[in-house]
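In what follows, a single structure is set out as structure tokens and then discussed.
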Amino acid sequence: MLFRSAAVAMAERSLASKQNHSASDLLWFGQLLARAGKTDRATQVLQEALDADPSQPAGWMAMFSTQLAAGQRRAALKTLEQAAEKLSPPKRQLFVAQGQEMIGNLDDAERSFREAVAAAPDDPGVMRSLAAFLVRRGRLTAARDELQAIISVPRDDPAGLRAHLWARRTLAEIAAQSGQIGRAHV
């Protein structure tokens, strides 16, 4: 605990030396405070980060997860609603999906992941989010379909290539685990 207190003090000195704090500075500091167990101060700083840039899901997720970890479920649900109002598609749907998954509303989470794919059908990162969710849930048949969809789209951009390689690797892992190597089609 002494290390965490020293880290918080060092971070406070670092921030004090700057006139203006960016949303990313505040996000970093808020997360540090949360890890140090200073939940009240963390939520204040994370709110400042959200006020500085409400368009970034990372700030909303930090606030949501801090509130959830502190047992403040009602506040976390309110944060989920506020983020849904502030974020644009597909960030909105992805954030809601992740939040719903974290609180155990898995059907709602899947619906939101699918809405994100519908909002950005050509975004390999969004497609990957849905496929990863299905894998985590053990819904391997549905996951295979999503992984094949990622693989079937030719990609030249770095994000697309990473998603393509991830999908091939994940599909091969599923096939190996299930003993169905011939069904991998990678």
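Following the order of the structure tokens, chains are lettered A, B, ..., residues in each are numbered from 1, and ligands are numbered from 1.
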
Per residue of range 46-161 of chain A within 7 Å of range 166-180 of chain A, which atom pair is closest and at what distance in Å (one decimal), using only C-alpha atoms, listed by chain and increasing number, as a Markdown table?
```
| residue | atom | partner | partner_atom | distance |
| --- | --- | --- | --- | --- |
| A:Arg144 | CA | A:Leu171 | CA | 6.5 |
| A:Leu147 | CA | A:Ala167 | CA | 5.2 |
| A:Ile150 | CA | A:Ala167 | CA | 6.5 |
| A:Ile151 | CA | A:Ala167 | CA | 6.4 |
```

Contacts of Ser55 in chain A at 8 Å (only C-alpha atoms; same-chain gap of 4+ positions) as a compact mmCIF listing (two decimals) with all heavy atoms, in the first residue's frame:
```txt
# COMPACT_ATOMS: atom_id res chain seq x y z
N LYS A 86 -23.67 9.69 -25.31
CA LYS A 86 -22.56 10.54 -25.75
C LYS A 86 -21.72 9.94 -26.88
O LYS A 86 -21.15 10.67 -27.67
CB LYS A 86 -21.62 10.85 -24.58
CG LYS A 86 -22.28 11.56 -23.43
CD LYS A 86 -22.45 13.02 -23.71
CE LYS A 86 -23.03 13.72 -22.50
NZ LYS A 86 -23.25 15.11 -22.72
N LEU A 87 -21.62 8.62 -26.92
CA LEU A 87 -20.74 7.97 -27.90
C LEU A 87 -21.46 7.79 -29.24
O LEU A 87 -22.68 7.59 -29.28
CB LEU A 87 -20.25 6.62 -27.37
CG LEU A 87 -19.39 6.68 -26.12
CD1 LEU A 87 -19.13 5.27 -25.58
CD2 LEU A 87 -18.07 7.39 -26.40
N SER A 88 -20.69 7.81 -30.29
CA SER A 88 -21.27 7.61 -31.63
C SER A 88 -21.07 6.15 -32.05
O SER A 88 -20.20 5.46 -31.53
CB SER A 88 -20.59 8.55 -32.63
OG SER A 88 -19.20 8.29 -32.66
```

Next on the checklist: Among range 27-67 of chain A, which residues does DSSP mark as helix (DSSP H, G or I) when it is run on the backbone? Keep the chain and numbering as in the structure and answer as a PyMOL selection string.
Outcome noted: chain A and resi 27-35+39-52+57-67

Take the residues from that selection and write them out as a CSV table (one decimal), in the first residue's frame, keeping C-alpha atoms.
```csv
chain,number,residue,atom,x,y,z
A,27,LEU,CA,-7.8,9.1,-17.4
A,28,TRP,CA,-4.3,7.8,-16.4
A,29,PHE,CA,-4.5,9.5,-13.0
A,30,GLY,CA,-8.0,8.4,-12.3
A,31,GLN,CA,-7.1,4.8,-13.1
A,32,LEU,CA,-4.1,5.1,-10.8
A,33,LEU,CA,-6.3,6.4,-8.0
A,34,ALA,CA,-8.7,3.5,-8.5
A,35,ARG,CA,-6.0,0.9,-8.3
A,39,THR,CA,-12.4,5.4,-5.3
A,40,ASP,CA,-14.0,8.7,-4.5
A,41,ARG,CA,-11.1,10.7,-5.7
A,42,ALA,CA,-10.8,8.4,-8.8
A,43,THR,CA,-14.4,9.0,-9.8
A,44,GLN,CA,-13.9,12.8,-9.5
A,45,VAL,CA,-10.9,12.7,-11.7
A,46,LEU,CA,-12.5,10.3,-14.2
A,47,GLN,CA,-15.5,12.7,-14.4
A,48,GLU,CA,-13.0,15.5,-15.2
A,49,ALA,CA,-11.6,13.2,-18.0
A,50,LEU,CA,-15.1,12.6,-19.3
A,51,ASP,CA,-15.9,16.3,-19.2
A,52,ALA,CA,-12.7,17.0,-21.2
A,57,PRO,CA,-14.9,5.1,-24.7
A,58,ALA,CA,-11.8,4.5,-22.5
A,59,GLY,CA,-12.9,7.2,-20.1
A,60,TRP,CA,-16.4,5.9,-19.9
A,61,MET,CA,-15.1,2.3,-19.4
A,62,ALA,CA,-12.7,3.5,-16.6
A,63,MET,CA,-15.6,5.2,-14.8
A,64,PHE,CA,-17.9,2.3,-15.3
A,65,SER,CA,-15.4,-0.4,-14.1
A,66,THR,CA,-14.3,1.7,-11.2
A,67,GLN,CA,-17.9,2.1,-10.0
```

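Compared by their closest atoms to Val153 in chain A, and using only C-alpha atoms, the residues A:Leu68, A:Arg114, A:Asp122, A:Val135 rank with A:Asp122 nearest.
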
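For the residues A:Ala70, A:Ala97, A:Ala23, A:Leu161, ranking by smallest atom-to-atom distance to Ser129 in chain A using only C-alpha atoms places A:Ala97 first.
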